[in-house]
file run.cif (mmCIF, C-alpha atoms)
data_query
#
loop_
_atom_site.label_atom_id
_atom_site.label_comp_id
_atom_site.auth_asym_id
_atom_site.auth_seq_id
_atom_site.Cartn_x
_atom_site.Cartn_y
_atom_site.Cartn_z
CA MET E 708 -9.04 -11.94 16.17
CA LYS E 709 -8.59 -9.37 18.96
CA ALA E 710 -5.22 -8.25 17.59
CA ILE E 711 -6.86 -6.80 14.48
CA LYS E 712 -8.67 -3.52 15.00
CA LEU E 713 -10.85 -1.51 12.67
CA PRO E 714 -10.07 2.19 12.07
CA SER E 715 -10.99 4.40 15.01
CA ARG E 716 -12.79 7.73 14.92
CA GLU E 717 -9.38 9.39 15.31
CA ASP E 718 -8.14 7.53 12.20
CA TYR E 719 -11.14 8.75 10.22
CA ARG E 720 -10.50 12.30 11.45
CA ARG E 721 -6.91 12.05 10.18
CA VAL E 722 -7.76 10.67 6.78
CA TRP E 723 -11.00 12.30 5.67
CA ARG E 724 -9.16 14.80 3.46
CA THR E 725 -7.10 11.99 1.93
CA ILE E 726 -10.26 9.96 1.30
CA LEU E 727 -11.96 12.90 -0.43
CA ARG E 728 -8.88 13.71 -2.53
CA SER E 729 -8.29 10.10 -3.53
CA SER E 730 -11.99 9.56 -4.29
CA GLY E 731 -11.82 12.50 -6.70
CA ILE E 732 -8.60 11.20 -8.24
CA GLY E 733 -10.02 7.68 -8.51
CA THR E 734 -13.26 8.82 -10.14
CA PHE E 735 -11.33 10.99 -12.61
CA ILE E 736 -8.81 8.24 -13.45
CA GLY E 737 -11.67 5.74 -13.76
CA ILE E 738 -13.38 7.96 -16.33
CA LEU E 739 -10.25 8.02 -18.50
CA PRO E 740 -10.35 5.18 -21.02
CA ALA E 741 -7.82 2.36 -20.62
CA GLU E 742 -6.88 3.41 -17.07
CA GLY E 743 -8.02 1.36 -14.16
CA ALA E 744 -8.13 0.83 -10.44
CA THR E 745 -4.42 -0.05 -10.33
CA VAL E 746 -3.29 3.25 -11.82
CA ALA E 747 -5.85 5.10 -9.67
CA SER E 748 -4.66 3.45 -6.46
CA MET E 749 -1.01 4.15 -7.29
CA ILE E 750 -1.71 7.82 -8.00
CA GLY E 751 -3.98 8.02 -4.93
CA TYR E 752 -1.21 6.61 -2.73
CA ASN E 753 1.42 8.87 -4.27
CA GLU E 754 -0.69 11.99 -3.84
CA ALA E 755 -1.54 10.99 -0.25
CA ARG E 756 2.18 10.78 0.51
CA ARG E 757 2.99 14.02 -1.27
CA TRP E 758 0.38 15.96 0.71
CA SER E 759 0.91 14.12 4.00
CA LYS E 760 2.41 15.78 7.07
CA ASN E 761 4.01 12.44 7.95
CA PRO E 762 5.36 11.01 4.67
CA GLU E 763 7.96 8.99 6.62
CA GLU E 764 5.14 6.73 7.93
CA PHE E 765 4.28 5.57 4.41
CA GLY E 766 5.34 2.01 3.69
CA LYS E 767 5.09 1.17 7.41
CA GLY E 768 1.32 0.69 7.63
CA SER E 769 0.31 4.35 7.41
CA VAL E 770 -3.47 4.76 7.68
CA GLU E 771 -3.25 7.69 5.25
CA GLY E 772 -1.46 5.50 2.71
CA ILE E 773 -4.08 2.77 2.94
CA ALA E 774 -6.93 5.30 2.74
CA GLY E 775 -5.28 7.10 -0.19
CA SER E 776 -4.83 4.03 -2.34
CA GLU E 777 -8.06 2.24 -1.38
CA ALA E 778 -10.35 5.27 -1.77
CA ALA E 779 -8.92 5.83 -5.27
CA ASN E 780 -9.12 2.11 -6.02
CA ASN E 781 -12.81 1.88 -5.09
CA SER E 782 -13.93 5.13 -6.70
CA ALA E 783 -12.21 4.22 -10.00
CA THR E 784 -14.79 1.45 -10.41
CA GLY E 785 -17.63 3.95 -10.46
CA GLY E 786 -15.68 6.32 -12.69
CA ALA E 787 -15.00 3.55 -15.19
CA MET E 788 -18.75 3.17 -15.69
CA VAL E 789 -19.00 6.71 -17.12
CA PRO E 790 -17.29 6.04 -20.49
CA THR E 791 -18.75 2.51 -20.48
CA LEU E 792 -22.36 3.66 -20.28
CA ALA E 793 -22.12 7.11 -21.87
CA LEU E 794 -19.83 6.29 -24.78
CA GLY E 795 -19.76 2.50 -24.97
CA ILE E 796 -15.99 2.60 -24.33
CA PRO E 797 -14.90 0.45 -21.37
CA GLY E 798 -12.71 2.33 -18.91
CA SER E 799 -11.26 -0.78 -17.31
CA PRO E 800 -11.09 -4.56 -17.85
CA THR E 801 -13.99 -5.00 -15.40
CA ALA E 802 -16.03 -2.44 -17.32
CA ALA E 803 -15.25 -4.33 -20.55
CA VAL E 804 -16.78 -7.47 -19.03
CA ILE E 805 -19.86 -5.48 -17.94
CA LEU E 806 -20.10 -3.96 -21.43
CA ALA E 807 -19.92 -7.40 -23.03
CA GLY E 808 -22.62 -8.64 -20.62
CA LEU E 809 -24.92 -5.73 -21.52
CA MET E 810 -24.42 -6.34 -25.23
CA VAL E 811 -25.15 -10.06 -24.82
CA HIS E 812 -28.52 -9.01 -23.39
CA GLY E 813 -29.24 -6.83 -26.41
CA LEU E 814 -28.46 -3.48 -24.80
CA GLN E 815 -26.32 -0.93 -26.60
CA PRO E 816 -24.42 1.31 -24.16
CA GLY E 817 -23.81 4.77 -25.58
CA PRO E 818 -25.35 8.23 -25.62
CA THR E 819 -28.69 6.88 -26.86
CA MET E 820 -29.04 4.49 -23.92
CA PHE E 821 -30.05 7.33 -21.60
CA THR E 822 -32.96 8.31 -23.83
CA GLU E 823 -34.04 5.04 -25.39
CA GLN E 824 -33.37 2.74 -22.40
CA ALA E 825 -33.52 5.23 -19.54
CA ASN E 826 -35.14 2.78 -17.12
CA PHE E 827 -32.28 0.40 -17.56
CA ALA E 828 -29.67 3.15 -17.06
CA TYR E 829 -31.27 4.16 -13.76
CA THR E 830 -31.46 0.51 -12.68
CA ILE E 831 -27.69 0.35 -13.08
CA PHE E 832 -27.24 3.54 -11.01
CA TRP E 833 -29.37 2.12 -8.19
CA ALA E 834 -27.61 -1.24 -8.38
CA MET E 835 -24.25 0.48 -8.01
CA LEU E 836 -25.47 2.46 -5.02
CA LEU E 837 -26.77 -0.71 -3.36
CA VAL E 838 -23.52 -2.56 -4.11
CA ASN E 839 -21.49 0.18 -2.43
CA VAL E 840 -23.69 0.13 0.66
CA THR E 841 -23.48 -3.68 0.79
CA PHE E 842 -19.73 -3.43 0.41
CA ILE E 843 -19.52 -1.37 3.62
CA PHE E 844 -20.93 -4.31 5.60
CA VAL E 845 -18.85 -6.91 3.77
CA GLY E 846 -15.76 -4.79 4.42
CA LEU E 847 -16.54 -4.11 8.07
CA PHE E 848 -17.41 -7.69 8.96
CA GLY E 849 -14.94 -9.42 6.63
CA ALA E 850 -11.92 -7.16 7.22
CA LYS E 851 -10.87 -8.98 10.39
CA LEU E 852 -10.92 -12.29 8.59
CA PHE E 853 -9.16 -11.05 5.44
CA ALA E 854 -6.51 -9.23 7.47
CA ARG E 855 -5.35 -12.47 9.11
CA VAL E 856 -3.14 -13.10 6.10
CA THR E 857 -0.80 -10.46 7.56
CA PHE E 858 -0.15 -12.81 10.52
CA VAL E 859 1.63 -15.29 8.26
CA PRO E 860 5.37 -14.92 9.01
CA VAL E 861 7.18 -12.89 6.35
CA GLN E 862 9.73 -15.65 5.75
CA ILE E 863 6.83 -17.87 4.60
CA LEU E 864 4.65 -15.24 2.97
CA TRP E 865 7.21 -13.40 0.84
CA PRO E 866 8.71 -16.41 -0.95
CA ILE E 867 5.17 -17.46 -1.93
CA VAL E 868 4.34 -13.90 -3.05
CA PHE E 869 7.57 -13.94 -5.06
CA ALA E 870 6.58 -17.21 -6.75
CA PHE E 871 3.15 -15.81 -7.67
CA SER E 872 4.73 -12.57 -8.95
CA ILE E 873 7.20 -14.41 -11.16
CA ILE E 874 4.57 -16.75 -12.57
CA GLY E 875 2.24 -13.76 -13.09
CA ALA E 876 4.98 -11.94 -15.02
CA TYR E 877 5.53 -15.05 -17.14
CA ALA E 878 1.84 -15.80 -17.70
CA LEU E 879 1.03 -12.45 -19.30
CA ASP E 880 2.91 -13.13 -22.57
CA GLN E 881 4.38 -16.55 -21.69
CA ALA E 882 7.89 -15.15 -22.18
CA MET E 883 10.91 -15.70 -19.93
CA LEU E 884 12.16 -12.22 -20.85
CA ASP E 885 9.29 -10.78 -18.76
CA VAL E 886 10.51 -12.83 -15.78
CA TYR E 887 14.00 -11.35 -16.06
CA ILE E 888 12.56 -7.86 -16.48
CA ALA E 889 10.49 -8.44 -13.32
CA LEU E 890 13.65 -9.49 -11.42
CA ALA E 891 15.63 -6.48 -12.65
CA SER E 892 12.71 -4.18 -11.83
CA GLY E 893 12.65 -5.61 -8.30
CA VAL E 894 16.32 -4.75 -7.76
CA VAL E 895 15.93 -1.28 -9.33
CA GLY E 896 12.79 -0.66 -7.25
CA PHE E 897 14.63 -1.67 -4.05
CA PHE E 898 17.43 0.81 -4.68
CA MET E 899 14.98 3.53 -5.72
CA ARG E 900 13.12 3.19 -2.44
CA ARG E 901 16.39 3.01 -0.52
CA PHE E 902 17.47 6.33 -2.03
CA GLY E 903 14.12 8.01 -1.44
CA PHE E 904 12.66 7.80 -4.96
CA SER E 905 9.04 6.78 -5.40
CA VAL E 906 8.59 3.68 -7.56
CA VAL E 907 5.01 4.63 -8.47
CA PRO E 908 5.88 7.00 -11.36
CA LEU E 909 8.14 4.30 -12.80
CA ALA E 910 5.32 1.75 -12.67
CA ILE E 911 2.85 4.22 -14.22
CA GLY E 912 5.39 5.03 -16.92
CA LEU E 913 5.81 1.34 -17.72
CA ILE E 914 2.04 0.81 -17.93
CA LEU E 915 1.21 3.95 -19.89
CA GLY E 916 4.42 4.57 -21.88
CA GLY E 917 3.51 2.44 -24.89
CA MET E 918 -0.02 3.80 -25.00
CA LEU E 919 1.23 7.38 -24.74
CA GLU E 920 3.60 6.89 -27.67
CA LYS E 921 0.82 5.42 -29.83
CA ARG E 922 -1.66 8.18 -28.99
CA LEU E 923 0.94 10.89 -29.52
CA GLY E 924 1.63 9.47 -32.99
CA GLN E 925 -2.09 9.49 -33.77
CA SER E 926 -2.44 13.07 -32.52
CA LEU E 927 0.48 14.24 -34.64
CA ILE E 928 -1.08 12.63 -37.71
CA MET E 929 -4.41 14.36 -36.98
CA LEU E 930 -2.67 17.71 -36.39
CA ASP E 931 -0.50 17.32 -39.49
CA ASP E 932 2.71 17.42 -37.38
CA GLN E 933 1.85 20.82 -35.94
CA TRP E 934 2.28 19.73 -32.30
CA TRP E 935 1.78 23.22 -30.90
CA LEU E 936 -1.88 23.00 -31.94
CA MET E 937 -2.35 20.65 -28.95
CA PHE E 938 -2.05 23.68 -26.68
CA THR E 939 -4.92 25.38 -28.45
CA ARG E 940 -7.44 22.69 -27.37
CA PRO E 941 -9.03 23.42 -23.97
CA LEU E 942 -9.13 19.80 -22.83
CA THR E 943 -5.46 19.19 -23.69
CA LEU E 944 -4.51 22.44 -22.03
CA LEU E 945 -6.41 21.39 -18.90
CA PHE E 946 -4.44 18.12 -18.74
CA PHE E 947 -1.13 19.97 -19.17
CA VAL E 948 -2.05 22.36 -16.36
CA LEU E 949 -3.08 19.45 -14.10
CA THR E 950 0.23 17.69 -14.86
CA VAL E 951 2.25 20.80 -13.99
CA LEU E 952 0.22 21.22 -10.78
CA ALA E 953 0.72 17.56 -9.84
CA LEU E 954 4.48 17.90 -10.43
CA PHE E 955 5.11 21.20 -8.66
CA GLY E 956 1.99 21.75 -6.51
CA PRO E 957 3.20 20.16 -3.25
CA SER E 958 6.65 21.80 -3.49
CA LEU E 959 5.13 25.22 -4.17
CA TRP E 960 2.63 24.70 -1.34
CA ARG E 961 5.45 23.89 1.10
CA LEU E 962 7.41 26.91 -0.12
CA PHE E 963 4.32 29.09 0.33
CA LYS E 964 3.75 27.76 3.86
CA GLN E 965 7.40 28.30 4.83
CA ARG E 966 7.13 31.94 3.82
CA ASP E 967 4.02 32.47 5.93
CA PRO E 968 5.38 34.98 8.50
CA LEU E 969 2.99 33.89 11.26
CA GLU E 970 3.90 30.26 10.86
CA SER E 971 7.67 30.89 10.62
CA THR E 972 7.64 32.82 13.92
CA GLY E 973 5.57 30.11 15.53
CA GLU E 974 2.62 32.40 16.29
CA MET Z 1342 26.76 8.85 -1.37
CA THR Z 1343 25.38 12.37 -1.74
CA ARG Z 1344 21.98 13.46 -2.98
CA TYR Z 1345 23.61 14.03 -6.37
CA THR Z 1346 24.62 10.38 -6.83
CA VAL Z 1347 21.30 8.89 -7.95
CA PRO Z 1348 20.19 11.79 -10.23
CA SER Z 1349 23.70 11.82 -11.73
CA GLY Z 1350 23.45 8.07 -12.37
CA ILE Z 1351 20.02 8.56 -13.99
CA ILE Z 1352 21.35 11.41 -16.17
CA ILE Z 1353 24.33 9.31 -17.32
CA PHE Z 1354 22.02 6.36 -18.10
CA CYS Z 1355 19.62 8.64 -20.01
CA ALA Z 1356 22.51 10.23 -21.95
CA MET Z 1357 23.72 6.76 -22.99
CA ALA Z 1358 20.18 5.72 -23.97
CA TYR Z 1359 19.80 8.97 -25.90
CA TRP Z 1360 22.99 8.25 -27.81
CA LEU Z 1361 21.70 4.73 -28.52
CA SER Z 1362 18.42 6.17 -29.83
CA THR Z 1363 20.34 8.21 -32.42
CA THR Z 1364 21.40 4.92 -34.02
CA PHE Z 1365 17.76 3.88 -34.73
CA ASP Z 1366 16.87 3.40 -38.38
CA ARG Z 1367 14.83 6.24 -39.87
CA VAL Z 1368 11.48 5.40 -41.42
CA PRO Z 1369 10.62 6.59 -44.96
CA PRO Z 1370 8.25 9.60 -44.80
CA ILE Z 1371 5.32 7.62 -46.21
CA PHE Z 1372 5.39 5.21 -43.21
CA VAL Z 1373 6.37 7.70 -40.57
CA ARG Z 1374 2.90 7.97 -38.86
CA GLY Z 1375 3.47 11.24 -37.09
CA MET Z 1376 6.99 10.79 -35.77
CA GLN Z 1377 10.24 8.95 -36.29
CA PRO Z 1378 11.03 5.93 -34.03
CA GLU Z 1379 13.62 7.87 -32.01
CA ASP Z 1380 11.38 10.90 -31.33
CA PHE Z 1381 9.33 9.52 -28.42
CA PRO Z 1382 12.19 7.87 -26.49
CA GLN Z 1383 14.30 11.01 -26.95
CA MET Z 1384 11.47 13.19 -25.67
CA VAL Z 1385 10.98 10.98 -22.59
CA LEU Z 1386 14.74 10.81 -21.91
CA LEU Z 1387 15.09 14.60 -22.12
CA LEU Z 1388 12.16 14.97 -19.70
CA ILE Z 1389 13.73 12.50 -17.24
CA MET Z 1390 17.05 14.34 -17.43
CA ALA Z 1391 15.33 17.69 -16.82
CA ILE Z 1392 13.44 16.32 -13.80
CA SER Z 1393 16.65 14.73 -12.45
CA ILE Z 1394 18.35 18.14 -12.61
CA LEU Z 1395 15.40 19.64 -10.72
CA VAL Z 1396 15.74 16.90 -8.09
CA MET Z 1397 19.43 17.75 -7.68
CA ILE Z 1398 18.61 21.42 -7.18
CA PHE Z 1399 15.43 21.35 -5.09
CA ASP Z 1400 15.22 18.05 -3.18
CA LYS Z 1401 16.22 17.87 0.44
CA PRO Z 1402 19.16 15.57 1.32
CA ILE Z 1403 17.96 12.10 2.29
CA GLU Z 1404 19.46 10.04 5.07
CA HIS Z 1405 20.32 6.65 3.71
CA VAL Z 1406 20.08 3.53 5.83
CA ARG Z 1407 22.79 0.93 5.35
CA ILE Z 1408 21.68 -1.92 3.10
CA SER Z 1409 21.22 -4.97 5.27
CA LEU Z 1410 22.93 -8.32 4.76
CA ASN Z 1411 19.52 -9.92 4.19
CA ALA Z 1412 18.85 -7.58 1.26
CA TRP Z 1413 22.18 -8.51 -0.34
CA LYS Z 1414 21.45 -12.21 0.28
CA SER Z 1415 18.02 -11.83 -1.36
CA MET Z 1416 19.54 -10.13 -4.40
CA GLY Z 1417 22.16 -12.87 -4.61
CA LEU Z 1418 19.34 -15.40 -4.58
CA PHE Z 1419 17.73 -13.53 -7.47
CA LEU Z 1420 20.88 -14.36 -9.44
CA VAL Z 1421 20.70 -18.02 -8.37
CA PHE Z 1422 17.04 -18.09 -9.45
CA ALA Z 1423 17.87 -16.53 -12.84
CA LEU Z 1424 20.54 -19.20 -13.44
CA LEU Z 1425 18.41 -22.14 -12.26
CA ALA Z 1426 15.44 -20.91 -14.31
CA GLN Z 1427 17.53 -21.72 -17.37
CA VAL Z 1428 17.37 -25.37 -16.30
CA ASP Z 1429 13.76 -25.28 -15.05
CA LEU Z 1430 11.57 -22.36 -13.99
CA PHE Z 1431 10.00 -24.26 -11.10
CA LEU Z 1432 13.31 -25.68 -9.92
CA GLY Z 1433 14.54 -22.10 -9.72
CA LEU Z 1434 11.38 -21.01 -7.90
CA GLY Z 1435 11.54 -23.85 -5.38
CA VAL Z 1436 15.22 -23.37 -4.59
CA PHE Z 1437 14.81 -19.60 -4.39
CA ALA Z 1438 11.71 -19.76 -2.16
CA GLY Z 1439 13.28 -22.32 0.20
CA ALA Z 1440 16.62 -20.52 0.37
CA LEU Z 1441 14.95 -17.15 0.93
CA ALA Z 1442 12.82 -18.51 3.76
CA PHE Z 1443 15.96 -20.07 5.30
CA ALA Z 1444 17.99 -16.87 4.86
CA TRP Z 1445 15.23 -14.88 6.58
CA GLY Z 1446 15.34 -17.18 9.61
CA GLU Z 1447 12.89 -20.02 8.96
CA ARG Z 1448 14.25 -23.28 10.39
CA ARG Z 1449 11.16 -25.53 10.60
CA ILE Z 1450 11.46 -28.37 8.07
CA GLN Z 1451 7.70 -28.50 7.42
CA ALA Z 1452 7.55 -24.77 6.73
CA LEU Z 1453 10.58 -24.94 4.44
CA GLY Z 1454 9.06 -27.92 2.64
CA PHE Z 1455 5.79 -26.06 2.21
CA VAL Z 1456 7.51 -22.99 0.79
CA ALA Z 1457 10.11 -24.77 -1.36
CA VAL Z 1458 8.17 -27.78 -2.64
CA LEU Z 1459 4.44 -27.63 -2.04
CA SER Z 1460 3.76 -24.01 -3.01
CA PRO Z 1461 5.61 -24.15 -6.40
CA VAL Z 1462 3.85 -27.45 -7.18
CA LEU Z 1463 0.43 -25.98 -6.29
CA ILE Z 1464 1.15 -22.82 -8.28
CA PHE Z 1465 2.23 -24.92 -11.26
CA PHE Z 1466 -0.98 -26.96 -11.27
CA LEU Z 1467 -3.13 -23.90 -10.63
CA PHE Z 1468 -1.72 -22.09 -13.66
CA ASP Z 1469 -1.39 -25.19 -15.84
CA LEU Z 1470 -4.77 -26.79 -15.22
CA VAL Z 1471 -6.98 -23.81 -14.37
CA PHE Z 1472 -5.49 -20.92 -16.37
CA ARG Z 1473 -4.08 -23.14 -19.16
CA ILE Z 1474 -0.65 -21.50 -19.09
CA ARG Z 1475 2.05 -23.46 -20.89
CA PHE Z 1476 5.37 -23.19 -19.04
CA PRO Z 1477 8.76 -23.55 -20.71
CA ARG Z 1478 10.03 -27.13 -20.80
CA GLY Z 1479 12.68 -27.98 -18.23
CA LEU Z 1480 14.02 -30.68 -15.98
CA LEU Z 1481 10.90 -30.83 -13.78
CA THR Z 1482 8.15 -29.55 -16.09
CA ASN Z 1483 9.08 -32.32 -18.55
CA LEU Z 1484 7.90 -34.83 -15.92
CA TRP Z 1485 4.38 -33.47 -16.44
CA TYR Z 1486 4.54 -32.52 -20.11
CA GLY Z 1487 6.21 -35.79 -21.06
#
call {"tool": "encode", "arguments": {"input": "run.cif", "output": "structure tokens"}}
result
Amino acid sequence: MKAIKLPSREDYRRVWRTILRSSGIGTFIGILPAEGATVASMIGYNEARRWSKNPEEFGKGSVEGIAGSEAANNSATGGAMVPTLALGIPGSPTAAVILAGLMVHGLQPGPTMFTEQANFAYTIFWAMLLVNVTFIFVGLFGAKLFARVTFVPVQILWPIVFAFSIIGAYALDQAMLDVYIALASGVVGFFMRRFGFSVVPLAIGLILGGMLEKRLGQSLIMLDDQWWLMFTRPLTLLFFVLTVLALFGPSLWRLFKQRDPLESTGE
Amino acid sequence: MTRYTVPSGIIIFCAMAYWLSTTFDRVPPIFVRGMQPEDFPQMVLLLIMAISILVMIFDKPIEHVRISLNAWKSMGLFLVFALLAQVDLFLGLGVFAGALAFAWGERRIQALGFVAVLSPVLIFFLFDLVFRIRFPRGLLTNLWYG
């Protein structure tokens, strides 16, 4: 057990910005309907790498990478409760189970819940706070035990992981085509990483592509094919601006820093 | 390989896919539901091509590490798995898992047996009995399905 160590104070000092950023990302992604912890953790990891001073350490056990994905992963759970409780729309599969549980007990999540069943709403808030505090202790005391899986030699671990991945790909729709797509994606992903391309956007595109197409079709019907009207809605405009910032923000930031005369002269 | 190789490959692939999308059947206006079938893929492909061009212009050159023999062996085993899966999914999994462990340096018989035989069997029963997943019939799965 001695070989496994918990993060030091120095580690926390290095990653507090990443934790804050990823927590924000995770909460925001969690609020969006049909997203989930997986998408949040992928975006959290990607953003952590994009903003990191040491992106080359990612994929080799970088503390920033772990903090980036895990902070987003955990905060997405809380975020997913926002549409679940406020609108009655589950933000993740877990939230859907919670929603079903509430409805079984005769509760109707939605805007009226906060006025008609306010006591219950606050009970949920307190329960979530307590769960998160409890989770700190479970994580701190259980981490050493859970981390021992990393001591299994890779030549044993990876073939088993492969078997689970393949069966998981098959089990979703019980189609062999999915297995072959998983294999091809593995090869493509390997070469993408080898040539310095992040595989995260590809994975997000695969998860969200179909949904995006469907929603775009619905929007066009609602807007009577006048797509430019999308840019007149504040919320849509906000998402477009955020997308542009996410795409070009880090590059522009680097460019801005390079042009800083004090920094370029080393003063 | 230069930094232009991968974006160029992506652009060529997207151009071919774009051409393929022009052969999609058009939907009568009454069923169109906002857009024609080729509209969304074409939009995504154009976006990917635009971003690939930006990558060619703005990205820093990347140093590429030589692809190791083990990586090629693993990819070759993918092919073996794909072929054997035609006969039986779990036969393919067992052979792949055992051969991969061997190719990556495992020589202990018990470990190889665990990876190649025991783990696929346990995974099969876990998914079959607990999750009620029906696997495709094959040489080995027929022993259970009858």
call {"tool": "atom_distance", "arguments": {"input": "run.cif", "atom1": "CA of Gly785 (chain E)", "atom2": "CA of Arg855 (chain E)"}}
result
28.3 Å
call {"tool": "closest_atom_pairs", "arguments": {"input": "run.cif", "of": "chain E", "to": "chain Z", "cutoff": "6 Å", "atoms": "only C-alpha atoms", "output": "Markdown table"}}
result
| residue | atom | partner | partner_atom | distance |
| --- | --- | --- | --- | --- |
| E:Gln862 | CA | Z:Ala1442 | CA | 4.7 |
| E:Pro866 | CA | Z:Ala1438 | CA | 4.7 |
| E:Gly924 | CA | Z:Gly1375 | CA | 4.8 |
| E:Leu927 | CA | Z:Gly1375 | CA | 4.9 |
| E:Ile928 | CA | Z:Gly1375 | CA | 4.8 |
call {"tool": "residues_around", "arguments": {"input": "run.cif", "residues": "Ser769 (chain E)", "least_positions_apart": "4", "cutoff": "12 Å", "atoms": "only C-alpha atoms", "output": "PDB file with C-alpha atoms, in the coordinates of the input"}}
result
ATOM      1  CA  PRO E 714     -10.070   2.190  12.070  1.00  0.00           C
ATOM      2  CA  ASP E 718      -8.140   7.530  12.200  1.00  0.00           C
ATOM      3  CA  ARG E 721      -6.910  12.050  10.180  1.00  0.00           C
ATOM      4  CA  VAL E 722      -7.760  10.670   6.780  1.00  0.00           C
ATOM      5  CA  THR E 725      -7.100  11.990   1.930  1.00  0.00           C
ATOM      6  CA  TYR E 752      -1.210   6.610  -2.730  1.00  0.00           C
ATOM      7  CA  ALA E 755      -1.540  10.990  -0.250  1.00  0.00           C
ATOM      8  CA  ARG E 756       2.180  10.780   0.510  1.00  0.00           C
ATOM      9  CA  SER E 759       0.910  14.120   4.000  1.00  0.00           C
ATOM     10  CA  LYS E 760       2.410  15.780   7.070  1.00  0.00           C
ATOM     11  CA  ASN E 761       4.010  12.440   7.950  1.00  0.00           C
ATOM     12  CA  PRO E 762       5.360  11.010   4.670  1.00  0.00           C
ATOM     13  CA  GLU E 763       7.960   8.990   6.620  1.00  0.00           C
ATOM     14  CA  GLU E 764       5.140   6.730   7.930  1.00  0.00           C
ATOM     15  CA  PHE E 765       4.280   5.570   4.410  1.00  0.00           C
ATOM     16  CA  ILE E 773      -4.080   2.770   2.940  1.00  0.00           C
ATOM     17  CA  ALA E 774      -6.930   5.300   2.740  1.00  0.00           C
ATOM     18  CA  GLY E 775      -5.280   7.100  -0.190  1.00  0.00           C
ATOM     19  CA  SER E 776      -4.830   4.030  -2.340  1.00  0.00           C
TER      20      SER E 776
END
call {"tool": "resolve_selection", "arguments": {"input": "run.cif", "expression": "the PyMOL selection byres ((chain E and resi 947-957) around 12)", "output": "CSV table (one decimal) with C-alpha atoms, keeping the file's coordinate frame"}}
result
chain,number,residue,atom,x,y,z
E,732,ILE,CA,-8.6,11.2,-8.2
E,735,PHE,CA,-11.3,11.0,-12.6
E,750,ILE,CA,-1.7,7.8,-8.0
E,751,GLY,CA,-4.0,8.0,-4.9
E,753,ASN,CA,1.4,8.9,-4.3
E,754,GLU,CA,-0.7,12.0,-3.8
E,755,ALA,CA,-1.5,11.0,-0.2
E,756,ARG,CA,2.2,10.8,0.5
E,757,ARG,CA,3.0,14.0,-1.3
E,758,TRP,CA,0.4,16.0,0.7
E,759,SER,CA,0.9,14.1,4.0
E,760,LYS,CA,2.4,15.8,7.1
E,908,PRO,CA,5.9,7.0,-11.4
E,937,MET,CA,-2.4,20.6,-29.0
E,938,PHE,CA,-2.0,23.7,-26.7
E,939,THR,CA,-4.9,25.4,-28.4
E,940,ARG,CA,-7.4,22.7,-27.4
E,941,PRO,CA,-9.0,23.4,-24.0
E,942,LEU,CA,-9.1,19.8,-22.8
E,943,THR,CA,-5.5,19.2,-23.7
E,944,LEU,CA,-4.5,22.4,-22.0
E,945,LEU,CA,-6.4,21.4,-18.9
E,946,PHE,CA,-4.4,18.1,-18.7
E,958,SER,CA,6.6,21.8,-3.5
E,959,LEU,CA,5.1,25.2,-4.2
E,960,TRP,CA,2.6,24.7,-1.3
E,961,ARG,CA,5.4,23.9,1.1
E,962,LEU,CA,7.4,26.9,-0.1
E,963,PHE,CA,4.3,29.1,0.3
E,964,LYS,CA,3.8,27.8,3.9
Z,1392,ILE,CA,13.4,16.3,-13.8
Z,1395,LEU,CA,15.4,19.6,-10.7
Z,1396,VAL,CA,15.7,16.9,-8.1
Z,1399,PHE,CA,15.4,21.4,-5.1
Z,1400,ASP,CA,15.2,18.0,-3.2
call {"tool": "atom_distance", "arguments": {"input": "run.cif", "atom1": "CA of Gly1454 (chain Z)", "atom2": "CA of Leu864 (chain E)"}}
result
13.4 Å
call {"tool": "axis_aligned_box", "arguments": {"input": "run.cif", "around": "region 1425-1443 of chain Z", "padding_each_side": "6 Å", "output": "lines of an AutoDock Vina configuration file"}}
result
center_x = 14.2
center_y = -21.4
center_z = -6.0
size_x = 20.4
size_y = 20.5
size_z = 34.7
call {"tool": "atom_distance", "arguments": {"input": "run.cif", "atom1": "CA of Arg716 (chain E)", "atom2": "CA of Gly768 (chain E)"}}
result
17.4 Å
call {"tool": "closest_residue", "arguments": {"input": "run.cif", "among": "Z:Gly1487, Z:Gly1479, Z:Ser1409, Z:Leu1418", "to": "Arg901 (chain E)", "atoms": "only C-alpha atoms"}}
result
Z:Ser1409
call {"tool": "closest_residue", "arguments": {"input": "run.cif", "among": "Z:Leu1467, Z:Met1384, Z:Leu1484, Z:Ala1391", "to": "Leu919 (chain E)", "atoms": "all atoms listed in the file"}}
result
Z:Met1384
